[in-house]
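Enquirer: Structure file my_file04.txt (compact mmCIF, C-alpha atoms) right here:
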# COMPACT_ATOMS: atom_id res chain seq x y z
CA MET I 1 -23.91 6.52 5.09
CA ARG I 2 -22.62 9.10 7.54
CA TYR I 3 -19.11 10.43 6.89
CA HIS I 4 -17.23 11.49 10.02
CA THR I 5 -13.97 13.43 10.29
CA PRO I 6 -12.97 13.31 13.97
CA THR I 7 -9.85 15.20 15.06
CA SER I 8 -8.76 12.77 17.79
CA PHE I 9 -8.61 8.99 18.13
CA GLU I 10 -10.71 9.29 21.28
CA ASP I 11 -13.48 10.94 19.23
CA ALA I 12 -13.06 8.35 16.45
CA SER I 13 -13.41 5.59 19.02
CA ALA I 14 -16.45 7.24 20.62
CA ILE I 15 -18.21 7.52 17.24
CA ALA I 16 -17.52 3.86 16.53
CA ALA I 17 -18.56 2.76 20.02
CA ALA I 18 -21.87 4.61 19.74
CA ALA I 19 -22.62 3.30 16.25
CA THR I 20 -25.24 0.59 15.93
CA GLY I 21 -24.81 -0.37 12.27
CA VAL I 22 -21.86 -1.25 10.05
CA THR I 23 -18.81 0.87 10.88
CA ARG I 24 -15.57 1.26 8.94
CA PHE I 25 -12.51 3.42 9.50
CA LEU I 26 -11.11 5.19 6.44
CA ALA I 27 -7.42 5.90 5.90
CA GLY I 28 -6.28 5.09 2.34
CA GLY I 29 -9.54 3.45 1.34
CA THR I 30 -7.93 0.90 -0.99
CA ASP I 31 -9.97 -1.88 0.60
CA VAL I 32 -12.86 -0.02 2.26
CA LEU I 33 -13.80 1.98 -0.84
CA VAL I 34 -13.47 -1.05 -3.14
CA GLN I 35 -15.91 -2.87 -0.84
CA LEU I 36 -18.19 0.19 -0.81
CA ARG I 37 -18.10 0.57 -4.59
CA SER I 38 -18.83 -3.10 -5.23
CA ASP I 39 -21.77 -3.08 -2.75
CA PHE I 40 -19.93 -5.68 -0.68
CA VAL I 41 -19.85 -3.57 2.50
CA THR I 42 -21.78 -0.30 2.73
CA PRO I 43 -20.96 1.28 6.08
CA ASP I 44 -23.62 3.17 8.02
CA ASP I 45 -20.81 5.14 9.62
CA LEU I 46 -17.54 5.80 7.81
CA ILE I 47 -14.94 7.37 10.08
CA ASP I 48 -12.13 9.15 8.20
CA ILE I 49 -9.12 9.32 10.55
CA LYS I 50 -7.00 11.59 8.34
CA GLN I 51 -7.98 14.82 10.12
CA ILE I 52 -6.35 13.54 13.31
CA ALA I 53 -3.01 15.23 14.08
CA GLY I 54 0.03 13.01 13.54
CA VAL I 55 -1.63 10.23 11.53
CA ARG I 56 0.78 10.75 8.64
CA ASP I 57 3.90 11.17 10.78
CA ILE I 58 6.81 8.78 11.07
CA THR I 59 8.65 9.45 14.32
CA ARG I 60 11.63 7.98 16.17
CA ARG I 61 10.54 6.52 19.51
CA GLY I 62 12.42 7.12 22.74
CA ASP I 63 13.64 3.50 22.71
CA GLY I 64 15.17 3.91 19.23
CA GLY I 65 12.27 2.25 17.41
CA TRP I 66 9.72 3.89 15.14
CA ARG I 67 6.11 5.01 15.37
CA ILE I 68 4.32 5.01 12.02
CA GLY I 69 0.99 6.88 11.98
CA ALA I 70 -2.04 4.90 10.88
CA ALA I 71 -2.51 6.90 7.65
CA VAL I 72 1.12 6.83 6.43
CA SER I 73 0.97 5.58 2.82
CA GLY I 74 3.24 3.08 1.12
CA ALA I 75 4.80 5.89 -0.92
CA GLU I 76 5.48 7.98 2.19
CA LEU I 77 7.01 5.01 4.03
CA ALA I 78 9.26 4.15 1.08
CA GLU I 79 10.52 7.74 0.88
CA HIS I 80 11.65 7.64 4.54
CA LYS I 81 15.36 6.87 4.17
CA ALA I 82 16.25 6.22 7.83
CA LEU I 83 13.36 3.83 8.43
CA THR I 84 13.96 2.04 5.11
CA ALA I 85 17.63 1.57 6.01
CA GLU I 86 16.69 -0.11 9.30
CA TRP I 87 13.59 -2.08 8.24
CA PRO I 88 13.88 -2.70 4.47
CA GLY I 89 11.77 -5.86 4.73
CA VAL I 90 8.77 -4.03 6.18
CA VAL I 91 9.06 -1.28 3.58
CA GLU I 92 9.49 -3.64 0.60
CA ALA I 93 6.48 -5.68 1.76
CA LEU I 94 4.16 -2.66 1.82
CA GLU I 95 5.65 -1.43 -1.47
CA LEU I 96 4.68 -4.68 -3.21
CA ILE I 97 1.00 -3.86 -2.82
CA GLY I 98 -0.80 -2.62 -5.92
CA SER I 99 0.21 0.10 -8.33
CA THR I 100 1.79 3.55 -8.01
CA GLN I 101 -1.73 4.91 -7.50
CA ILE I 102 -2.51 2.41 -4.75
CA GLN I 103 0.87 3.13 -3.10
CA ALA I 104 -0.18 6.78 -2.68
CA ARG I 105 -3.04 5.62 -0.46
CA CYS I 106 -2.48 2.13 1.02
CA THR I 107 -1.38 1.80 4.64
CA LEU I 108 0.16 -0.81 6.95
CA VAL I 109 -2.80 -0.54 9.32
CA GLY I 110 -5.35 -0.98 6.54
CA ASN I 111 -3.50 -4.01 5.23
CA LEU I 112 -3.56 -5.49 8.76
CA CYS I 113 -7.16 -4.64 9.65
CA ASN I 114 -8.54 -5.84 6.31
CA GLY I 115 -7.68 -9.25 7.71
CA SER I 116 -6.50 -10.96 4.54
CA PRO I 117 -4.25 -13.98 5.14
CA ALA I 118 -2.40 -12.91 1.96
CA ALA I 119 -1.69 -9.35 3.17
CA ASP I 120 1.89 -8.62 2.09
CA SER I 121 2.96 -6.27 4.86
CA VAL I 122 1.69 -8.41 7.72
CA PRO I 123 4.30 -11.23 7.64
CA ALA I 124 7.00 -8.56 7.46
CA MET I 125 5.57 -6.67 10.43
CA ILE I 126 5.21 -9.88 12.47
CA ALA I 127 8.78 -10.94 11.66
CA ALA I 128 9.89 -7.46 12.76
CA SER I 129 8.11 -7.86 16.16
CA ALA I 130 5.90 -4.88 15.31
CA SER I 131 2.96 -3.90 17.49
CA VAL I 132 -0.01 -1.61 17.00
CA SER I 133 -1.29 1.10 19.33
CA VAL I 134 -5.04 0.83 19.78
CA VAL I 135 -7.43 3.43 21.18
CA GLY I 136 -10.76 2.20 22.49
CA PRO I 137 -13.57 2.99 24.93
CA ALA I 138 -11.47 1.46 27.73
CA GLY I 139 -8.39 3.52 26.90
CA GLU I 140 -5.22 2.73 25.04
CA ARG I 141 -3.45 -0.61 24.62
CA GLU I 142 -0.64 -2.08 22.55
CA ILE I 143 -1.13 -5.38 20.70
CA ALA I 144 1.46 -7.52 18.91
CA VAL I 145 0.68 -7.58 15.19
CA GLU I 146 0.40 -11.39 15.20
CA ASP I 147 -2.44 -11.13 17.72
CA VAL I 148 -4.60 -8.88 15.51
CA PRO I 149 -5.87 -11.17 12.71
CA THR I 150 -8.19 -13.97 13.88
CA GLY I 151 -9.44 -15.25 10.52
CA PRO I 152 -10.10 -14.08 6.98
CA GLY I 153 -11.52 -10.56 7.27
CA MET I 154 -11.59 -10.72 11.08
CA THR I 155 -9.51 -9.10 13.82
CA SER I 156 -9.29 -9.27 17.60
CA LEU I 157 -10.15 -5.57 17.93
CA ASP I 158 -13.21 -4.85 20.06
CA ALA I 159 -16.12 -2.66 19.01
CA GLY I 160 -15.05 0.97 19.17
CA GLU I 161 -11.34 0.19 19.00
CA VAL I 162 -9.22 1.94 16.37
CA VAL I 163 -5.54 1.47 15.51
CA SER I 164 -3.63 4.73 15.83
CA ALA I 165 -0.10 3.65 14.85
CA VAL I 166 2.32 0.83 14.08
CA ASN I 167 5.34 0.52 16.38
CA LEU I 168 8.63 -0.98 15.23
CA PRO I 169 11.21 -1.92 17.87
CA PRO I 170 14.78 -0.59 17.79
CA ARG I 171 16.66 -2.40 15.03
CA GLY I 172 19.92 -2.61 16.96
CA GLU I 173 23.33 -3.63 15.64
CA GLY I 174 23.58 -6.58 13.26
CA GLY I 175 19.89 -6.75 12.38
CA GLY I 176 18.26 -7.35 9.02
CA ASP I 177 14.85 -8.25 7.59
CA ALA I 178 13.34 -9.24 4.25
CA TYR I 179 10.01 -10.13 2.68
CA LEU I 180 9.40 -12.19 -0.43
CA ARG I 181 6.18 -13.28 -2.09
CA PHE I 182 5.34 -15.58 -4.95
CA ILE I 183 2.99 -14.37 -7.67
CA PRO I 184 2.76 -15.73 -11.22
CA ARG I 185 3.66 -12.31 -12.70
CA THR I 186 5.96 -9.48 -11.66
CA GLU I 187 3.53 -6.83 -10.38
CA MET I 188 -0.06 -6.14 -9.31
CA ASP I 189 -1.15 -9.49 -7.90
CA ILE I 190 -2.11 -11.14 -4.61
CA ALA I 191 0.44 -13.32 -2.82
CA VAL I 192 0.18 -17.08 -3.42
CA VAL I 193 2.68 -17.37 -0.56
CA GLY I 194 4.54 -14.66 1.38
CA ALA I 195 7.47 -15.03 3.76
CA GLY I 196 8.96 -12.48 6.16
CA VAL I 197 12.19 -13.02 8.08
CA SER I 198 13.90 -10.77 10.60
CA LEU I 199 17.10 -11.78 12.36
CA SER I 200 20.07 -10.48 14.33
CA ARG I 201 23.70 -11.54 13.95
CA ASP I 202 26.71 -11.49 16.21
CA GLY I 203 29.51 -11.88 13.69
CA GLU I 204 28.56 -14.89 11.54
CA SER I 205 26.23 -16.40 14.09
CA ILE I 206 22.48 -15.74 14.29
CA THR I 207 21.36 -14.69 17.78
CA ALA I 208 17.63 -14.18 17.19
CA ALA I 209 15.22 -14.85 14.32
CA ARG I 210 11.53 -14.57 13.56
CA VAL I 211 9.79 -16.08 10.55
CA ALA I 212 6.21 -15.31 9.45
CA LEU I 213 4.27 -16.80 6.54
CA GLY I 214 1.34 -15.38 4.56
CA ALA I 215 -1.38 -17.04 2.46
CA VAL I 216 -0.75 -20.53 3.86
CA ALA I 217 -3.37 -20.51 6.67
CA PRO I 218 -6.56 -18.61 7.66
CA THR I 219 -4.33 -15.94 9.21
CA VAL I 220 -0.76 -14.83 8.68
CA LEU I 221 1.37 -17.16 10.84
CA LEU I 222 4.25 -16.46 13.19
CA VAL I 223 6.26 -19.69 12.88
CA GLU I 224 8.34 -19.79 16.05
CA GLU I 225 9.77 -23.23 15.22
CA ALA I 226 11.14 -21.86 11.95
CA GLY I 227 12.84 -18.94 13.68
CA ALA I 228 14.31 -21.33 16.26
CA THR I 229 16.05 -23.41 13.54
CA LEU I 230 18.20 -20.40 12.66
CA VAL I 231 19.32 -19.32 16.12
CA GLY I 232 22.92 -20.32 16.81
CA SER I 233 23.57 -21.15 13.16
CA THR I 234 25.57 -19.33 10.50
CA LEU I 235 22.76 -19.91 8.01
CA ASP I 236 24.56 -22.99 6.70
CA ASP I 237 22.82 -25.57 4.52
CA THR I 238 21.72 -27.64 7.52
CA ALA I 239 20.02 -24.63 9.11
CA LEU I 240 18.39 -23.63 5.83
CA ALA I 241 17.03 -27.15 5.32
CA ALA I 242 15.64 -27.18 8.86
CA LEU I 243 14.11 -23.75 8.28
CA ALA I 244 12.34 -24.92 5.12
CA LYS I 245 11.07 -28.05 6.87
CA ALA I 246 9.71 -26.04 9.82
CA ALA I 247 8.05 -23.54 7.47
CA GLU I 248 6.43 -26.34 5.45
CA ALA I 249 5.22 -28.05 8.62
CA ALA I 250 3.39 -24.89 9.73
CA CYS I 251 1.41 -24.54 6.50
CA ARG I 252 -2.33 -25.18 6.55
CA PRO I 253 -3.24 -23.71 3.16
CA ILE I 254 -6.23 -24.11 0.88
CA SER I 255 -6.16 -25.09 -2.78
CA ASP I 256 -7.63 -22.43 -5.02
CA LYS I 257 -7.06 -20.83 -8.42
CA ARG I 258 -3.82 -19.28 -7.15
CA GLY I 259 -2.18 -22.50 -6.00
CA THR I 260 -2.64 -25.96 -4.56
CA VAL I 261 -1.92 -27.09 -1.02
CA ALA I 262 1.21 -28.95 -2.18
CA PHE I 263 2.50 -26.00 -4.21
CA ARG I 264 1.92 -23.44 -1.47
CA THR I 265 3.58 -25.67 1.11
CA GLN I 266 6.69 -26.20 -0.98
CA VAL I 267 6.95 -22.52 -1.97
CA ALA I 268 6.67 -21.48 1.70
CA GLY I 269 9.87 -23.41 2.43
CA VAL I 270 11.64 -21.97 -0.60
CA LEU I 271 10.67 -18.38 0.16
CA ALA I 272 11.55 -18.70 3.86
CA ARG I 273 15.05 -19.86 2.85
CA ARG I 274 15.51 -17.08 0.29
CA ALA I 275 14.18 -14.36 2.61
CA ALA I 276 16.46 -15.61 5.40
CA LYS I 277 19.49 -15.29 3.11
CA ILE I 278 18.59 -11.71 2.21
CA ALA I 279 17.94 -10.80 5.85
CA TYR I 280 21.25 -12.41 6.86
CA ASP I 281 23.18 -10.44 4.24
CA ARG I 282 21.47 -7.21 5.23
CA ALA I 283 22.23 -7.91 8.89
CA GLY I 284 25.92 -8.30 8.02
CA ALA I 285 26.12 -5.22 5.84
CA MET D 286 -24.90 16.54 1.36
CA ILE D 287 -21.35 17.51 2.24
CA HIS D 288 -19.87 20.89 1.35
CA VAL D 289 -16.37 20.59 -0.09
CA SER D 290 -13.91 23.39 -0.82
CA THR D 291 -10.93 22.22 -2.78
CA THR D 292 -8.30 23.27 -5.31
CA VAL D 293 -8.31 21.75 -8.78
CA ASN D 294 -5.52 22.57 -11.21
CA GLY D 295 -4.70 25.61 -9.08
CA ASP D 296 -8.24 27.01 -9.06
CA ALA D 297 -10.49 27.12 -5.99
CA HIS D 298 -13.69 25.10 -6.36
CA GLU D 299 -16.66 24.37 -4.14
CA PHE D 300 -19.34 21.73 -4.53
CA LEU D 301 -21.91 19.73 -2.62
CA CYS D 302 -21.68 15.94 -2.73
CA ASP D 303 -23.18 12.76 -1.36
CA PRO D 304 -20.96 11.08 1.27
CA ARG D 305 -20.60 8.00 -0.97
CA GLU D 306 -19.70 10.03 -4.06
CA THR D 307 -16.24 9.50 -5.51
CA LEU D 308 -13.82 12.25 -6.40
CA LEU D 309 -14.03 10.93 -9.98
CA ASP D 310 -17.80 11.49 -10.13
CA ALA D 311 -17.51 14.94 -8.54
CA LEU D 312 -14.83 16.01 -11.03
CA ARG D 313 -16.81 14.76 -14.02
CA ASP D 314 -20.40 15.56 -13.02
CA ARG D 315 -20.09 18.60 -10.76
CA LEU D 316 -16.96 20.37 -12.04
CA GLU D 317 -17.35 19.22 -15.68
CA LEU D 318 -13.76 18.03 -15.81
CA THR D 319 -14.34 14.91 -17.89
CA GLY D 320 -10.70 14.12 -18.65
CA ALA D 321 -10.45 11.47 -15.92
CA LYS D 322 -12.32 8.37 -17.10
CA GLU D 323 -14.04 5.57 -15.26
CA GLY D 324 -12.71 2.21 -16.42
CA CYS D 325 -13.03 -0.46 -13.75
CA GLY D 326 -14.23 1.65 -10.83
CA THR D 327 -12.21 -0.48 -8.40
CA GLY D 328 -8.69 0.95 -8.62
CA ASP D 329 -7.28 -1.63 -11.04
CA CYS D 330 -7.08 0.21 -14.38
CA GLY D 331 -5.82 3.73 -13.64
CA ALA D 332 -8.03 5.50 -16.23
CA CYS D 333 -9.28 7.80 -13.45
CA THR D 334 -5.78 8.80 -12.26
CA VAL D 335 -5.50 12.32 -10.84
CA LEU D 336 -3.01 13.93 -8.49
CA LEU D 337 -3.99 14.34 -4.84
CA ASP D 338 -1.52 16.61 -3.07
CA GLY D 339 0.96 15.83 -5.84
CA ARG D 340 0.66 12.04 -5.81
CA PRO D 341 -1.16 9.99 -8.46
CA VAL D 342 -4.24 8.24 -7.09
CA CYS D 343 -7.23 6.44 -8.56
CA SER D 344 -9.99 9.03 -8.16
CA CYS D 345 -12.56 6.21 -8.18
CA LEU D 346 -11.06 5.14 -4.84
CA VAL D 347 -11.13 8.58 -3.25
CA LEU D 348 -14.30 10.06 -1.80
CA ALA D 349 -15.17 13.53 -3.06
CA ALA D 350 -15.43 14.57 0.59
CA GLU D 351 -11.77 13.61 1.11
CA ALA D 352 -10.71 16.34 -1.34
CA LYS D 353 -11.68 19.02 1.17
CA GLY D 354 -8.74 21.38 1.65
CA ARG D 355 -6.47 19.40 -0.64
CA GLU D 356 -4.92 19.97 -4.06
CA VAL D 357 -6.25 17.98 -7.00
CA GLY D 358 -4.54 17.87 -10.39
CA THR D 359 -6.21 16.48 -13.52
CA VAL D 360 -5.20 16.03 -17.15
CA GLU D 361 -6.91 19.35 -17.93
CA GLY D 362 -4.12 21.06 -15.98
CA ILE D 363 -1.22 19.54 -17.93
CA ALA D 364 -1.19 21.73 -21.06
CA ASP D 365 -0.23 25.39 -20.77
CA GLY D 366 -3.20 26.99 -22.50
CA GLU D 367 -2.95 25.97 -26.16
CA ASP D 368 0.60 24.68 -25.71
CA LEU D 369 0.67 20.94 -25.18
CA HIS D 370 2.97 19.45 -22.54
CA PRO D 371 5.92 17.51 -24.06
CA LEU D 372 4.29 14.28 -22.91
CA GLN D 373 1.13 15.14 -24.81
CA ARG D 374 3.08 16.02 -27.98
CA LYS D 375 5.12 12.83 -27.77
CA PHE D 376 2.00 10.71 -27.30
CA ILE D 377 0.69 12.13 -30.58
CA GLU D 378 4.05 11.75 -32.38
CA HIS D 379 4.46 8.13 -31.28
CA ALA D 380 0.78 7.28 -31.81
CA ALA D 381 0.78 6.16 -28.17
CA LEU D 382 -3.00 6.06 -28.07
CA GLN D 383 -5.80 4.55 -30.05
CA CYS D 384 -9.17 4.73 -28.30
CA GLY D 385 -7.79 7.24 -25.79
CA ILE D 386 -9.69 6.12 -22.68
CA CYS D 387 -6.52 5.29 -20.75
CA THR D 388 -4.55 8.30 -22.03
CA PRO D 389 -5.54 11.00 -19.49
CA GLY D 390 -4.65 8.73 -16.58
CA ILE D 391 -1.36 7.72 -18.16
CA LEU D 392 -0.40 11.34 -18.85
CA VAL D 393 -1.09 12.33 -15.24
CA ALA D 394 0.84 9.33 -13.87
CA ALA D 395 3.75 9.78 -16.31
CA LYS D 396 4.08 13.48 -15.50
CA ALA D 397 4.28 12.60 -11.80
CA LEU D 398 7.06 10.11 -12.60
CA LEU D 399 9.13 12.62 -14.58
CA GLU D 400 8.83 15.20 -11.82
CA ARG D 401 10.36 12.68 -9.40
CA ASN D 402 12.74 11.01 -11.81
CA PRO D 403 13.64 13.04 -14.92
CA ASP D 404 15.74 10.21 -16.35
CA PRO D 405 13.89 6.92 -15.80
CA ASN D 406 14.92 3.75 -17.62
CA GLU D 407 12.41 1.59 -19.47
CA THR D 408 11.91 -0.77 -16.53
CA GLU D 409 11.20 2.12 -14.17
CA VAL D 410 8.61 3.57 -16.56
CA ARG D 411 6.94 0.18 -17.00
CA TYR D 412 6.72 -0.44 -13.23
CA TRP D 413 5.52 3.11 -12.49
CA LEU D 414 2.74 2.74 -15.08
CA ALA D 415 1.83 -0.86 -14.12
CA GLY D 416 -1.44 0.42 -12.69
CA ASN D 417 -2.50 2.05 -15.97
CA LEU D 418 -4.05 -0.52 -18.27
CA CYS D 419 -4.24 -0.01 -22.04
CA ARG D 420 -6.11 -2.49 -24.23
CA CYS D 421 -5.12 -0.92 -27.57
CA THR D 422 -1.46 -0.13 -27.91
CA GLY D 423 0.38 -3.04 -26.34
CA TYR D 424 2.21 -0.43 -24.22
CA ASP D 425 5.41 -0.18 -26.30
CA LYS D 426 4.41 3.10 -27.95
CA ILE D 427 3.39 4.54 -24.58
CA ILE D 428 6.72 3.64 -23.01
CA ARG D 429 8.64 5.07 -25.98
CA ALA D 430 6.62 8.30 -25.84
CA VAL D 431 7.34 8.74 -22.12
CA LEU D 432 11.06 8.07 -22.57
CA ASP D 433 11.22 10.45 -25.54
CA ALA D 434 9.38 13.17 -23.63
CA ALA D 435 11.73 12.69 -20.68
CA GLY D 436 14.72 13.18 -22.99
CA GLU D 437 13.29 16.35 -24.51
CA MET D 438 12.43 17.75 -21.09
CA ARG D 439 15.97 17.07 -19.84
CA GLU D 440 17.45 18.90 -22.83
CA ALA D 441 15.15 21.86 -22.22
CA THR D 442 16.40 22.32 -18.65
Show me this structure written as structure tokens.
Expert:
Amino acid sequence: MRYHTPTSFEDASAIAAAATGVTRFLAGGTDVLVQLRSDFVTPDDLIDIKQIAGVRDITRRGDGGWRIGAAVSGAELAEHKALTAEWPGVVEALELIGSTQIQARCTLVGNLCNGSPAADSVPAMIAASASVSVVGPAGEREIAVEDVPTGPGMTSLDAGEVVSAVNLPPRGEGGGDAYLRFIPRTEMDIAVVGAGVSLSRDGESITAARVALGAVAPTVLLVEEAGATLVGSTLDDTALAALAKAAEAACRPISDKRGTVAFRTQVAGVLARRAAKIAYDRAGA
Amino acid sequence: MIHVSTTVNGDAHEFLCDPRETLLDALRDRLELTGAKEGCGTGDCGACTVLLDGRPVCSCLVLAAEAKGREVGTVEGIADGEDLHPLQRKFIEHAALQCGICTPGILVAAKALLERNPDPNETEVRYWLAGNLCRCTGYDKIIRAVLDAAGEMREAT
């Protein structure tokens, strides 16, 4: 295995594009190094992006949104008060992953690019309309987070492409988000179901809403029909029932040791409702 | 082999390592700092916890090469010479260890907690240490020792 420490994303991309064997990018290593240690994936080229300037920076964008460097850890994100105040759902989703020790290393980008349908931060990022900046041999592009995962362990990124940052849009007035997951214990487990909701209010009325579900399909799902049930409502019981029904209808889960198809489907509706209530309250605060 | 210059417990160190080598293996086998233990080797048990730039990490999930230019803190750096840290004394007083394999990682993680939060409640201690598994004590003695040490450290300041 060759260990590379490029100092620019262009160099990182060039190393990956020229590589002929198995290539992995290293930020926090909480998936890549587990796979390496268990002989599941042994990269020929491991490209550590942490020597690149700005990868651990959280910066306010010109449009009022945020740019989160690809190597910003869960602990660093959670300590950022201004971002946490605007996007508590995204922060709480990343914070749910692993232990204190894992939080010091795990990243949003790693969680996304690992491609797990149960990735906690991904439904929250999709609900938040987050995008990623990608550097590749053909230059730079921006991709919506929901367009990155294509199946378990797979992404739409081309060979030689590397994610440089996560972009969050401006939160704006009257906005709120939330993420909830179900696990059979209180800490240190993989989501049986996850639900992210982000919405905007004008007074009591919801003007925009996005709902995303994790662990109920081969990829994290953006459920546009579920978001649409909330728009124009005041999150009354009728809207909540329609939300749950739309969330359940989108589920295409598997049965495994964590939960059955029927259980996951029902819990998706329950969590979507609960997350919507939290997001609604935060939006009104 | 990769040449790594790093700081461990305040002292400058240099070593050569394989690209696949973990920080845990480099600490134990090259620097002879055997306090950090390998339990699971996959970041689940916390026995290998060390500080990397002041934050607790599983050193089994850090490459030795990543330590280049960074500050590493291990359990060997907690006591002040022969004087045990309050956490270490309280672990002995409360019998918060039996086999001792998990203890170095828990001490490193607990010290990091108390530096951030000198007055944690029981729930906060339990969540902070959720990534440090102990198969002997049932955790209660560990939690009591950390809370007791926190109290003593608050009185001392």
Enquirer: For Ala268 of chain I, list every protein, DNA or RNA residue within 7 Å, evaluated using only C-alpha atoms, and leave out those in the same chain fewer than 3 positions away; present the list as number ranges by chain.
Expert: I: 193, 195, 247-248, 264-265, 271-272
Enquirer: Given only C-alpha atoms as the basis, pick out the residue of D:Asn417, D:Asp404, D:Leu348, D:Pro371 nearest to Glu306 of chain D.
Expert: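 Once distances to Glu306 of chain D are computed over only C-alpha atoms, the minimum belongs to D:Leu348.
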Enquirer: Do you have, as a Markdown table, the list of residues of chain D lying at most 8 Å from chain I, each with its nearest atom pair and that distance in Å to one decimal, counting all atoms listed in the file and ordered by chain then number?
Expert:
| residue | atom | partner | partner_atom | distance |
| --- | --- | --- | --- | --- |
| D:Pro304 | CA | I:Tyr3 | CA | 6.0 |
| D:Arg305 | CA | I:Met1 | CA | 7.1 |
| D:Gly326 | CA | I:Arg37 | CA | 7.4 |
| D:Thr327 | CA | I:Val34 | CA | 5.4 |
| D:Gly328 | CA | I:Ile102 | CA | 7.4 |
| D:Gly331 | CA | I:Gln101 | CA | 7.5 |
| D:Thr334 | CA | I:Gln101 | CA | 7.4 |
| D:Arg340 | CA | I:Ala104 | CA | 6.2 |
| D:Pro341 | CA | I:Gln101 | CA | 5.2 |
| D:Val342 | CA | I:Gln101 | CA | 4.2 |
| D:Cys343 | CA | I:Gln101 | CA | 5.8 |
| D:Leu346 | CA | I:Leu33 | CA | 5.8 |
| D:Val347 | CA | I:Gly29 | CA | 7.1 |
| D:Tyr412 | CA | I:Glu187 | CA | 7.7 |
| D:Trp413 | CA | I:Thr100 | CA | 5.8 |
| D:Leu414 | CA | I:Thr100 | CA | 7.2 |
| D:Ala415 | CA | I:Ser99 | CA | 6.1 |
| D:Gly416 | CA | I:Ser99 | CA | 4.7 |
Enquirer: By how many Å are atom CA of Glu161 of chain I and atom CA of Gly139 of chain I apart?
Expert: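 Atom CA of Gly139 of chain I lies 9.1 Å from atom CA of Glu161 of chain I.
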Enquirer: Taking 4 positions as the minimum chain separation for residues in the same chain, which residues sit within 6 Å of segment 128-130 of chain I when counting only C-alpha atoms? Answer as a list in words.
Expert: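 The residues satisfying every condition are Val145, Asn167, Leu168 and Ser198 of chain I.
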Enquirer: Take the residues from that selection and write them out as an mmCIF file, keeping the file's coordinate frame, keeping C-alpha atoms.
Expert:
data_model
loop_
_atom_site.group_PDB
_atom_site.id
_atom_site.type_symbol
_atom_site.label_atom_id
_atom_site.label_comp_id
_atom_site.auth_asym_id
_atom_site.auth_seq_id
_atom_site.Cartn_x
_atom_site.Cartn_y
_atom_site.Cartn_z
ATOM 1 C CA VAL I 145 0.680 -7.580 15.190
ATOM 2 C CA ASN I 167 5.340 0.520 16.380
ATOM 3 C CA LEU I 168 8.630 -0.980 15.230
ATOM 4 C CA SER I 198 13.900 -10.770 10.600
#
Enquirer: Neighbouring residues of Ala250 of chain I were defined as those with any atom within 9 Å, considering all atoms listed in the file; residues of the same chain fewer than 4 positions away were excluded. Please report them as a ChimeraX atom specification.
Expert: /I:213,216-217,221,223,225-226,245-246,265
Enquirer: At a cut-off of 12 Å, using all atoms listed in the file, what residues contact Ala82 of chain I? Leave out same-chain residues fewer than 5 positions from it and give the result as a PDB file with C-alpha atoms, in the coordinates of the input.
Expert:
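Output file part_24.pdb is given in full below:
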ATOM      1  CA  ILE I  58       6.810   8.780  11.070  1.00  0.00           C
ATOM      2  CA  THR I  59       8.650   9.450  14.320  1.00  0.00           C
ATOM      3  CA  ARG I  60      11.630   7.980  16.170  1.00  0.00           C
ATOM      4  CA  GLY I  64      15.170   3.910  19.230  1.00  0.00           C
ATOM      5  CA  GLY I  65      12.270   2.250  17.410  1.00  0.00           C
ATOM      6  CA  TRP I  66       9.720   3.890  15.140  1.00  0.00           C
ATOM      7  CA  LEU I  77       7.010   5.010   4.030  1.00  0.00           C
ATOM      8  CA  TRP I  87      13.590  -2.080   8.240  1.00  0.00           C
ATOM      9  CA  PRO I  88      13.880  -2.700   4.470  1.00  0.00           C
ATOM     10  CA  VAL I  91       9.060  -1.280   3.580  1.00  0.00           C
ATOM     11  CA  ARG I 171      16.660  -2.400  15.030  1.00  0.00           C
TER      12      ARG I 171
END
Enquirer: Tell me, in Å to one decimal, how far atom CA of Leu316 of chain D is from atom CA of Ile52 of chain I.
Expert: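 Those two atoms sit 28.3 Å apart.
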Enquirer: Tell me, in Å to one decimal, how far atom CA of Gly89 of chain I is from atom CA of Arg210 of chain I.
Expert: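 We find that atom CA of Gly89 of chain I and atom CA of Arg210 of chain I lie 12.4 Å from each other.
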Enquirer: Select all residues near (16.2, -16.2, 21.3) (cut-off 7 Å, inclusive, file coordinates), counting all atoms listed in the file, and output them as a short mmCIF file (atom, residue, chain, number, x, y, z; two decimals) with C-alpha atoms, keeping the file's coordinate frame.
Expert:
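Dumped to out_18.cif:
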data_model
loop_
_atom_site.label_atom_id
_atom_site.label_comp_id
_atom_site.auth_asym_id
_atom_site.auth_seq_id
_atom_site.Cartn_x
_atom_site.Cartn_y
_atom_site.Cartn_z
CA THR I 207 21.36 -14.69 17.78
CA ALA I 208 17.63 -14.18 17.19
CA VAL I 231 19.32 -19.32 16.12
#
Enquirer: Out of I:Ile47, I:Ala191, I:Ile278, I:Ala244, which residue has the shortest atom-to-atom distance to Val22 of chain I when counting only C-alpha atoms?
Expert: I:Ile47
Enquirer: Could you list as a PyMOL selection string every residue that has an atom within 12 Å of (19.5, -12.4, 2.9), using the file's coordinates and counting all atoms listed in the file?
Expert: chain I and resi 88-89+175-180+196-201+234-235+240+271-285
Enquirer: Would you pick out the contacts of Thr229 of chain I at 7 Å or less, using only C-alpha atoms, so that residues sharing its chain but fewer than 6 positions from it are not included, and give the list as a list in words?
Expert: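 Residues meeting the cut-off are Ala239, Ala242 and Leu243 of chain I.
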Enquirer: Given only C-alpha atoms as the basis, pick out the residue of D:Ala381, D:Leu308, D:Val293, D:Leu372 nearest to Arg420 of chain D.
Expert: D:Ala381
